[in-house]
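Source file: model_12.cif (mmCIF, C-alpha atoms and all ligand atoms)
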data_upload
#
loop_
_atom_site.label_atom_id
_atom_site.label_comp_id
_atom_site.auth_asym_id
_atom_site.auth_seq_id
_atom_site.Cartn_x
_atom_site.Cartn_y
_atom_site.Cartn_z
CA MET Y 23 -11.51 -5.62 -40.51
CA GLY Y 24 -9.44 -7.47 -37.94
CA PHE Y 25 -9.63 -7.44 -34.17
CA GLU Y 26 -9.52 -3.97 -32.62
CA ILE Y 27 -8.53 -3.15 -29.06
CA ASN Y 28 -11.46 -1.24 -27.63
CA GLU Y 29 -11.38 2.50 -27.18
CA LYS Y 30 -11.11 2.32 -23.38
CA LEU Y 31 -8.07 0.05 -23.41
CA ARG Y 32 -6.30 1.97 -26.15
CA ARG Y 33 -6.03 4.88 -23.76
CA PHE Y 34 -4.13 2.77 -21.18
CA GLU Y 35 -0.39 2.54 -21.00
CA PRO Y 36 1.50 -0.37 -19.43
CA TYR Y 37 2.66 0.31 -15.87
CA LEU Y 38 6.38 1.01 -16.01
CA PRO Y 39 8.21 0.85 -12.70
CA ILE Y 40 11.57 2.62 -12.65
CA SER Y 41 14.06 0.39 -14.44
CA GLY Y 42 17.81 0.46 -14.85
CA ASP Y 43 20.82 -0.27 -12.68
CA PHE Y 44 20.64 1.38 -9.31
CA ARG Y 45 22.80 0.64 -6.31
CA ALA Y 46 19.95 1.70 -4.05
CA ARG Y 47 16.25 1.23 -4.66
CA MET Y 48 14.38 3.78 -2.57
CA ASP Y 49 11.43 4.17 -4.91
CA ALA Y 50 8.98 1.30 -4.35
CA ASN Y 51 8.41 1.18 -0.58
CA GLU Y 52 9.69 -2.37 -0.28
CA SER Y 53 11.39 -3.57 2.87
CA PHE Y 54 15.17 -3.24 2.78
CA ILE Y 55 15.42 -6.40 4.89
CA ALA Y 56 15.46 -9.68 2.96
CA PRO Y 57 14.32 -12.92 4.63
CA ASP Y 58 17.14 -14.39 6.76
CA SER Y 59 18.88 -17.67 5.99
CA GLU Y 60 16.75 -19.67 8.45
CA THR Y 61 13.56 -18.47 6.77
CA ILE Y 62 15.01 -19.26 3.35
CA ALA Y 63 15.97 -22.76 4.55
CA ARG Y 64 12.41 -23.33 5.82
CA ILE Y 65 10.97 -22.16 2.49
CA LEU Y 66 13.28 -24.46 0.51
CA ALA Y 67 12.46 -27.44 2.72
CA LYS Y 68 8.74 -26.91 2.13
CA ILE Y 69 9.14 -26.54 -1.61
CA GLY Y 70 11.36 -29.63 -1.72
CA SER Y 71 8.50 -31.88 -0.62
CA ALA Y 72 5.64 -30.05 -2.36
CA ALA Y 73 3.27 -31.67 -4.85
CA LEU Y 74 3.82 -29.18 -7.66
CA ASN Y 75 1.76 -31.29 -10.07
CA ARG Y 76 -1.34 -30.52 -7.98
CA TYR Y 77 -3.38 -27.34 -7.69
CA PRO Y 78 -2.87 -25.47 -4.45
CA ASP Y 79 -5.44 -24.98 -1.70
CA PRO Y 80 -7.93 -22.60 -3.39
CA TYR Y 81 -8.42 -20.59 -0.19
CA ALA Y 82 -4.83 -20.74 1.10
CA GLU Y 83 -6.36 -21.71 4.42
CA HIS Y 84 -3.17 -22.37 6.31
CA VAL Y 85 -1.73 -19.04 5.26
CA CYS Y 86 -4.96 -17.24 6.22
CA GLU Y 87 -4.88 -18.94 9.63
CA LEU Y 88 -1.32 -17.79 10.26
CA PHE Y 89 -2.11 -14.25 9.20
CA ALA Y 90 -5.36 -14.18 11.18
CA ASN Y 91 -3.37 -15.30 14.16
CA TYR Y 92 -0.93 -12.46 13.69
CA LEU Y 93 -3.80 -9.94 13.39
CA GLY Y 94 -5.85 -11.42 16.24
CA VAL Y 95 -8.94 -12.10 14.09
CA TYR Y 96 -10.79 -15.25 13.00
CA ALA Y 97 -9.40 -17.02 9.93
CA GLU Y 98 -12.92 -17.09 8.48
CA ASN Y 99 -12.73 -13.31 8.19
CA VAL Y 100 -9.61 -13.37 6.01
CA VAL Y 101 -9.21 -13.91 2.24
CA ALA Y 102 -5.82 -14.18 0.51
CA GLY Y 103 -4.95 -12.67 -2.86
CA ASN Y 104 -2.14 -12.50 -5.39
CA GLY Y 105 -0.95 -9.32 -3.75
CA SER Y 106 -3.49 -6.91 -2.26
CA ASP Y 107 -3.53 -5.46 -5.75
CA GLU Y 108 -5.52 -8.48 -6.93
CA ILE Y 109 -8.00 -7.95 -4.11
CA ILE Y 110 -8.40 -4.28 -5.04
CA SER Y 111 -9.11 -5.41 -8.60
CA ILE Y 112 -11.70 -7.96 -7.42
CA ILE Y 113 -13.46 -5.42 -5.20
CA VAL Y 114 -13.57 -2.70 -7.84
CA SER Y 115 -14.70 -5.02 -10.62
CA SER Y 116 -17.22 -7.14 -8.70
CA PHE Y 117 -18.74 -5.09 -5.89
CA PHE Y 118 -20.03 -2.25 -8.06
CA ASN Y 119 -22.07 -1.79 -11.20
CA LYS Y 120 -20.88 0.00 -14.30
CA GLY Y 121 -21.23 3.74 -13.77
CA ASP Y 122 -21.27 3.56 -9.96
CA ARG Y 123 -19.43 6.35 -8.20
CA ILE Y 124 -16.33 5.64 -6.16
CA LEU Y 125 -14.45 8.27 -4.19
CA THR Y 126 -10.81 8.82 -3.30
CA PHE Y 127 -9.01 11.78 -1.74
CA SER Y 128 -5.99 12.82 -3.74
CA PRO Y 129 -3.11 12.31 -3.69
CA GLU Y 130 -3.85 8.63 -3.16
CA PHE Y 131 -2.59 5.20 -4.28
CA SER Y 132 -3.19 5.11 -8.02
CA MET Y 133 -4.47 1.56 -8.41
CA TYR Y 134 -7.98 2.32 -7.09
CA GLY Y 135 -8.56 4.75 -9.95
CA PHE Y 136 -6.83 2.46 -12.42
CA TYR Y 137 -9.17 -0.46 -11.77
CA ALA Y 138 -12.16 1.89 -11.62
CA ARG Y 139 -11.35 3.02 -15.17
CA ILE Y 140 -11.08 -0.57 -16.39
CA SER Y 141 -14.44 -1.36 -14.78
CA GLU Y 142 -16.06 1.80 -16.14
CA LEU Y 143 -16.93 3.21 -12.75
CA GLU Y 144 -17.16 6.93 -12.18
CA HIS Y 145 -14.10 7.85 -10.13
CA ILE Y 146 -14.48 11.05 -8.13
CA SER Y 147 -11.31 12.44 -6.65
CA VAL Y 148 -11.42 15.18 -4.00
CA HIS Y 149 -8.25 17.08 -3.09
CA LYS Y 150 -6.80 16.77 0.39
CA ASP Y 151 -5.86 19.94 2.27
CA GLU Y 152 -2.35 21.36 2.83
CA ASP Y 153 -1.69 18.84 5.59
CA MET Y 154 -2.78 15.98 3.32
CA LEU Y 155 -5.89 15.42 5.43
CA PHE Y 156 -9.60 15.86 4.78
CA ASP Y 157 -12.57 16.70 6.98
CA ILE Y 158 -14.37 13.53 8.03
CA ASP Y 159 -17.80 15.13 8.49
CA GLU Y 160 -17.64 16.89 5.14
CA ALA Y 161 -16.53 13.66 3.53
CA ARG Y 162 -19.46 11.79 5.05
CA SER Y 163 -21.99 14.37 3.80
CA PHE Y 164 -20.36 14.26 0.38
CA ILE Y 165 -20.56 10.46 0.24
CA ASN Y 166 -24.22 10.43 1.21
CA GLY Y 167 -25.20 13.49 -0.85
CA GLN Y 168 -23.41 12.41 -4.02
CA ASN Y 169 -24.54 8.80 -3.94
CA ILE Y 170 -21.01 7.45 -3.58
CA LYS Y 171 -21.00 3.64 -3.56
CA GLY Y 172 -17.41 3.01 -2.53
CA VAL Y 173 -14.58 4.88 -0.81
CA PHE Y 174 -10.96 3.77 -1.12
CA LEU Y 175 -8.24 5.10 1.11
CA SER Y 176 -4.83 3.91 2.21
CA ASN Y 177 -4.08 4.50 5.87
CA PRO Y 178 -1.40 5.45 6.57
CA CYS Y 179 -1.40 6.86 3.09
CA ASN Y 180 0.77 6.03 0.12
CA PRO Y 181 2.01 8.45 -1.19
CA THR Y 182 1.55 11.12 1.51
CA SER Y 183 2.86 9.03 4.49
CA VAL Y 184 0.20 10.68 6.68
CA GLY Y 185 -1.89 8.57 9.10
CA ILE Y 186 -5.50 9.01 10.19
CA PRO Y 187 -6.51 7.71 13.66
CA ALA Y 188 -8.73 4.60 13.63
CA ARG Y 189 -11.56 6.39 15.46
CA GLU Y 190 -11.77 8.97 12.64
CA ILE Y 191 -11.89 6.27 9.97
CA LEU Y 192 -14.65 4.52 11.90
CA ARG Y 193 -16.56 7.77 12.24
CA LEU Y 194 -16.55 8.01 8.46
CA ALA Y 195 -17.73 4.41 8.07
CA LYS Y 196 -20.46 4.68 10.68
CA GLY Y 197 -22.45 7.40 8.98
CA THR Y 198 -22.72 5.86 5.55
CA ASP Y 199 -23.86 2.77 3.64
CA ALA Y 200 -21.06 3.07 1.10
CA LEU Y 201 -18.43 0.34 1.04
CA ILE Y 202 -15.35 1.70 2.81
CA VAL Y 203 -12.07 0.06 1.77
CA ILE Y 204 -9.22 0.83 4.14
CA ASP Y 205 -5.89 -0.21 2.68
CA GLU Y 206 -3.58 -0.79 5.65
CA ALA Y 207 -0.51 -1.72 3.59
CA TYR Y 208 1.67 0.36 5.95
CA MET Y 209 -0.24 -0.04 9.23
CA GLU Y 210 2.61 -2.01 10.85
CA PHE Y 211 4.56 1.29 10.92
CA TYR Y 212 1.71 3.24 12.53
CA GLY Y 213 -0.20 0.87 14.78
CA ASP Y 214 -3.73 2.31 14.75
CA SER Y 215 -5.67 -0.28 12.79
CA VAL Y 216 -9.46 -0.45 12.51
CA ILE Y 217 -9.30 -4.24 12.40
CA GLY Y 218 -10.28 -4.63 16.06
CA ALA Y 219 -13.59 -2.86 15.39
CA LEU Y 220 -14.53 -4.66 12.18
CA LYS Y 221 -17.14 -6.90 13.75
CA ASP Y 222 -19.35 -3.84 14.29
CA TYR Y 223 -19.16 -2.72 10.65
CA ASP Y 224 -20.62 -4.59 7.72
CA ASN Y 225 -19.46 -1.99 5.17
CA VAL Y 226 -15.71 -1.98 5.84
CA ILE Y 227 -12.95 -4.02 4.20
CA VAL Y 228 -9.38 -3.81 5.46
CA LEU Y 229 -6.57 -4.70 3.06
CA LYS Y 230 -3.17 -5.94 4.15
CA THR Y 231 -0.07 -6.91 2.19
CA CYS Y 232 3.09 -8.93 2.77
CA SER Y 233 4.94 -6.61 0.36
CA LYS Y 234 5.96 -3.83 2.75
CA ALA Y 235 6.50 -4.47 6.47
CA PHE Y 236 6.79 -8.24 5.98
CA GLY Y 237 9.55 -7.98 3.39
CA LEU Y 238 7.95 -10.39 0.90
CA ALA Y 239 7.07 -8.23 -2.11
CA GLY Y 240 8.47 -10.90 -4.42
CA ILE Y 241 6.02 -13.62 -3.44
CA ARG Y 242 2.89 -11.52 -4.18
CA LEU Y 243 0.60 -12.03 -1.22
CA GLY Y 244 -2.07 -9.80 0.26
CA PHE Y 245 -5.21 -10.16 2.34
CA ALA Y 246 -8.68 -8.76 2.84
CA VAL Y 247 -10.19 -8.75 6.33
CA ALA Y 248 -13.94 -8.14 6.70
CA GLY Y 249 -17.23 -9.45 8.05
CA ASN Y 250 -18.67 -12.74 6.78
CA LYS Y 251 -20.98 -11.25 4.18
CA ILE Y 252 -18.14 -9.46 2.40
CA ILE Y 253 -15.72 -12.37 2.79
CA ASP Y 254 -18.23 -14.77 1.20
CA ALA Y 255 -18.67 -12.39 -1.73
CA LEU Y 256 -14.89 -12.06 -2.18
CA LYS Y 257 -14.50 -15.83 -2.16
CA ALA Y 258 -17.22 -16.13 -4.77
CA ALA Y 259 -15.70 -13.47 -7.02
CA LYS Y 260 -12.02 -14.44 -6.92
CA SER Y 261 -10.39 -16.81 -9.39
CA PRO Y 262 -10.13 -20.33 -7.94
CA TYR Y 263 -6.37 -20.81 -7.38
CA ASN Y 264 -5.36 -17.20 -7.08
CA VAL Y 265 -2.51 -17.76 -4.60
CA ASN Y 266 0.01 -20.17 -6.11
CA LEU Y 267 1.57 -23.04 -4.20
CA LEU Y 268 5.10 -21.58 -4.05
CA THR Y 269 3.70 -18.40 -2.52
CA GLN Y 270 1.61 -20.33 -0.01
CA LEU Y 271 4.63 -22.38 1.07
CA ALA Y 272 6.92 -19.36 1.31
CA ALA Y 273 4.33 -17.54 3.39
CA GLU Y 274 3.81 -20.51 5.70
CA ALA Y 275 7.54 -20.55 6.35
CA ALA Y 276 7.93 -16.79 6.73
CA LEU Y 277 4.79 -16.10 8.78
CA SER Y 278 5.62 -18.75 11.37
CA ASP Y 279 8.15 -16.46 13.06
CA PHE Y 280 6.28 -13.40 14.38
CA LYS Y 281 9.17 -12.48 16.64
CA LYS Y 282 11.44 -12.02 13.63
CA ILE Y 283 8.74 -10.07 11.80
CA ARG Y 284 8.30 -7.69 14.74
CA GLN Y 285 12.07 -7.19 15.01
CA ASN Y 286 12.24 -6.32 11.32
CA ILE Y 287 9.36 -3.85 11.65
CA SER Y 288 11.20 -2.12 14.53
CA SER Y 289 14.36 -1.91 12.41
CA ILE Y 290 12.42 -0.40 9.51
CA ILE Y 291 10.78 2.18 11.80
CA GLU Y 292 14.21 3.07 13.18
CA ALA Y 293 15.56 3.50 9.64
CA ARG Y 294 12.53 5.56 8.66
CA ASP Y 295 13.02 7.86 11.66
CA PHE Y 296 16.71 8.25 10.83
CA LEU Y 297 15.92 9.21 7.23
CA TYR Y 298 13.10 11.54 8.29
CA GLU Y 299 15.19 13.33 10.94
CA GLY Y 300 18.09 13.65 8.52
CA ILE Y 301 15.89 15.26 5.89
CA ARG Y 302 14.18 17.50 8.44
CA GLY Y 303 17.63 18.62 9.51
CA LEU Y 304 18.10 20.12 6.03
CA GLU Y 305 15.01 22.30 6.32
CA GLY Y 306 15.23 25.90 7.42
CA GLU Y 307 16.88 28.65 5.50
CA ASN Y 308 16.96 26.83 2.19
CA THR Y 309 14.35 26.59 -0.52
CA LEU Y 310 15.15 23.02 -1.51
CA PHE Y 311 11.83 21.76 -0.28
CA GLU Y 312 8.68 23.40 1.03
CA ARG Y 313 7.45 20.62 3.22
CA VAL Y 314 8.43 17.27 4.73
CA TYR Y 315 5.30 15.45 5.84
CA PRO Y 316 5.18 13.63 9.18
CA THR Y 317 5.65 9.96 8.30
CA ARG Y 318 3.71 6.99 9.63
CA THR Y 319 5.02 4.68 6.91
CA ASN Y 320 8.41 3.37 5.73
CA PHE Y 321 9.00 6.34 3.44
CA VAL Y 322 9.31 10.11 3.53
CA PHE Y 323 7.12 12.38 1.38
CA ILE Y 324 8.51 15.75 0.39
CA LYS Y 325 6.95 18.71 -1.36
CA SER Y 326 9.50 20.52 -3.50
CA ALA Y 327 9.50 22.89 -6.44
CA ASN Y 328 12.86 21.26 -7.28
CA SER Y 329 11.53 17.70 -7.27
CA SER Y 330 12.55 16.86 -10.86
CA ARG Y 331 16.08 18.09 -10.40
CA ILE Y 332 16.46 16.33 -7.05
CA SER Y 333 15.26 13.07 -8.53
CA GLU Y 334 17.68 13.49 -11.44
CA VAL Y 335 20.62 14.03 -9.08
CA PHE Y 336 19.59 10.92 -7.14
CA ARG Y 337 19.56 8.98 -10.40
CA GLU Y 338 23.04 10.25 -11.30
CA ASN Y 339 24.17 8.94 -7.93
CA GLY Y 340 22.66 5.52 -8.61
CA VAL Y 341 19.73 5.96 -6.25
CA ALA Y 342 16.14 5.47 -7.40
CA VAL Y 343 13.50 7.61 -5.69
CA ARG Y 344 9.92 8.21 -6.76
CA LEU Y 345 9.09 11.50 -8.46
CA MET Y 346 5.40 12.45 -8.34
CA GLY Y 347 4.87 15.85 -9.87
CA GLY Y 348 5.96 18.44 -7.33
CA PHE Y 349 6.64 15.75 -4.74
CA LEU Y 350 9.26 13.13 -3.96
CA ARG Y 351 8.77 9.86 -2.16
CA ILE Y 352 11.87 8.28 -0.65
CA THR Y 353 11.70 4.81 0.88
CA ALA Y 354 13.77 4.12 4.00
CA GLY Y 355 16.75 1.88 3.27
CA THR Y 356 19.78 0.57 5.11
CA ARG Y 357 21.77 2.98 7.28
CA GLU Y 358 24.26 3.43 4.47
CA GLU Y 359 21.54 4.12 1.91
CA ASN Y 360 19.77 6.60 4.18
CA GLU Y 361 23.03 8.41 4.90
CA ARG Y 362 23.74 8.59 1.19
CA ALA Y 363 20.26 9.99 0.48
CA ILE Y 364 20.68 12.67 3.14
CA ARG Y 365 24.15 13.49 1.81
CA ILE Y 366 22.84 13.86 -1.75
CA LEU Y 367 20.12 16.24 -0.57
CA SER Y 368 22.54 18.32 1.47
CA GLU Y 369 24.90 18.57 -1.52
CA ILE Y 370 22.08 19.80 -3.75
CA ARG Y 371 21.21 22.34 -1.10
CA GLY Y 372 24.81 23.52 -0.98
CA GLU Y 373 24.96 24.23 -4.72
C1 LIG Y 401 2.28 -1.35 -2.10
C2 LIG Y 401 0.85 -1.10 -1.92
C3 LIG Y 401 -0.10 -2.08 -2.24
C4 LIG Y 401 0.27 -3.26 -3.08
O1 LIG Y 401 0.40 -4.37 -2.37
P1 LIG Y 401 0.67 -5.75 -3.10
O2 LIG Y 401 0.22 -6.70 -2.05
O3 LIG Y 401 2.13 -5.80 -3.37
O4 LIG Y 401 -0.16 -5.85 -4.33
C5 LIG Y 401 -1.43 -1.84 -1.93
N1 LIG Y 401 -1.81 -0.67 -1.39
C6 LIG Y 401 -0.93 0.29 -1.11
C7 LIG Y 401 -1.42 1.57 -0.52
C8 LIG Y 401 0.42 0.12 -1.39
O5 LIG Y 401 1.28 1.11 -1.16
#

Please render this file's structure as structure tokens.
Amino acid sequence: MGFEINEKLRRFEPYLPISGDFRARMDANESFIAPDSETIARILAKIGSAALNRYPDPYAEHVCELFANYLGVYAENVVAGNGSDEIISIIVSSFFNKGDRILTFSPEFSMYGFYARISELEHISVHKDEDMLFDIDEARSFINGQNIKGVFLSNPCNPTSVGIPAREILRLAKGTDALIVIDEAYMEFYGDSVIGALKDYDNVIVLKTCSKAFGLAGIRLGFAVAGNKIIDALKAAKSPYNVNLLTQLAAEAALSDFKKIRQNISSIIEARDFLYEGIRGLEGENTLFERVYPTRTNFVFIKSANSSRISEVFRENGVAVRLMGGFLRITAGTREENERAIRILSEIRGE
């Protein structure tokens, strides 16, 4: 008998992002703003003189310093990863033992559960309420009563776009010994981070990514921010040269201009508000969608019994949006793209 893929892995299917030719990609929550020509020139200059025959800095120290600077924390409290996805994978696979219980509140970013399955953890998923929130005190009792070892939540949340105030998150972390992982991939659009309070918590990890607000999804760069004990463990568990040299150089060039980054974030928030208001404007008498959730991210989350049909009409119009069961997630784009999205929705409503 030859080699057999084990039972666990046979049940997995490769992750398939939406593919095909679209004139507008509003499905993956990327930034619609590409790096400007000055940033590109700085990146190229750095790569032009780089020693590509050598391994990169294993801890991407310069990049961590720049990002720490941006966040207002010490560089020693920051670890870089090949996307925050890699860091999620390291945390899930190294910080727990097989069979340990981890908790998420659904709907939630799917990768926490994905890595938990690979690592043979017990993933418990509790439904959020109608407003896509959950009771913090109940959650805390549940965590302590059910021997939960880790809690993963994105804040503001992908996919629901809803934000939870920092003081609530900290209230959850305070009353438990479980590891609390707060994924702040979209925090730039909300501005209520728990990072400032981290020094008082030895059970909290904050995750950040360059893929959304920073407009650098292509370079694959994310960060963990935590107290020294956790950071040391992450450094011990990660693979040695996890952030490649080209990524480090691109990030050094791009993260040296905070002013530009802040301008871009404002533009994305403006676009998000335009898209949100436009979609809200279609609510009312119609039955096209039941609910448009208040957004603290760069996308709009919609509950609709017509979600499949809406997504199909978007596709026919060359626009990719994300269909998630009875929900749609539409990423803010350029003014033209947002206008088109609103127009498509209003045409479906008019049918
Ligand atoms: C997009 C996203 C990530 C992935 O970030 P990468 O750095 O690109 O791996 C992580 N968490 C959430 C909640 C996201 O939406």

Checklist entry - Which one of Y:Glu305, Y:Glu83, Y:Glu98, Y:Glu52 sits closest to ligand LIG 401 (chain Y) if you count only C-alpha atoms and all ligand atoms? => result Y:Glu52

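When all atoms listed in the file are used to measure the gap to ligand LIG 401 (chain Y), the shortest distance among Y:Asp43, Y:Glu130, Y:Glu299, Y:Glu144 belongs to Y:Glu130.
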
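If only C-alpha atoms are the atoms counted, then among Y:Phe349, Y:Ser326, Y:Lys234, Y:Phe136 the closest residue to Ala50 in chain Y is Y:Lys234.
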
Next on the checklist: Please identify all protein, DNA and RNA residues within 9 Å of ligand LIG 401 (chain Y), counting all atoms listed in the file, and report them as a PyMOL selection string.
Outcome noted: chain Y and resi 50-52+103-110+130-134+175-181+205-208+229-234+238-245

Checklist entry - Can you list, as a list in words, every protein, DNA or RNA residue that comes within 10 Å of Ile217 in chain Y when you count only C-alpha atoms, leaving out same-chain residues fewer than 4 positions away? => result Leu93, Gly94, Val95, Ala188, Ile204, Glu206, Lys221, Val226, Ile227, Val228, Leu229, Val247 and Ala248 of chain Y

Next on the checklist: Give me, as an NGL selection string, all polymer residues having an atom no more than 10 Å from Glu359 in chain Y, counting only C-alpha atoms and skipping those fewer than 6 positions away in the same chain.
Outcome noted: :Y and (45-48 or 54 or 293 or 297 or 341 or 353 or 365)

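Of the listed residues (Y:Ala82, Y:Val203, Y:Leu74, Y:Leu88), Y:Leu88 comes nearest to Asp279 in chain Y; the distances count all atoms listed in the file.
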
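Of the listed residues (Y:Gly237, Y:Ser115, Y:Arg32, Y:Phe321), Y:Gly237 comes nearest to Lys282 in chain Y; the distances count only C-alpha atoms.
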
Item to check | Long-range neighbours of Asp79 in chain Y as a list in words, 9 Å cut-off, only C-alpha atoms, 3 positions minimum in chain | outcome: Ala82, Glu83, His84, Tyr263, Val265, Asn266, Leu267 and Gln270 of chain Y

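Interatomic distance, CA of Cys86 in chain Y against CA of Ala273 in chain Y: 9.7 Å.
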
Checklist outcome for this item: Counting all atoms listed in the file, closest pick from Y:Arg318, Y:Arg357, Y:His145, Y:Arg302 relative to Asp214 in chain Y is Y:Arg318
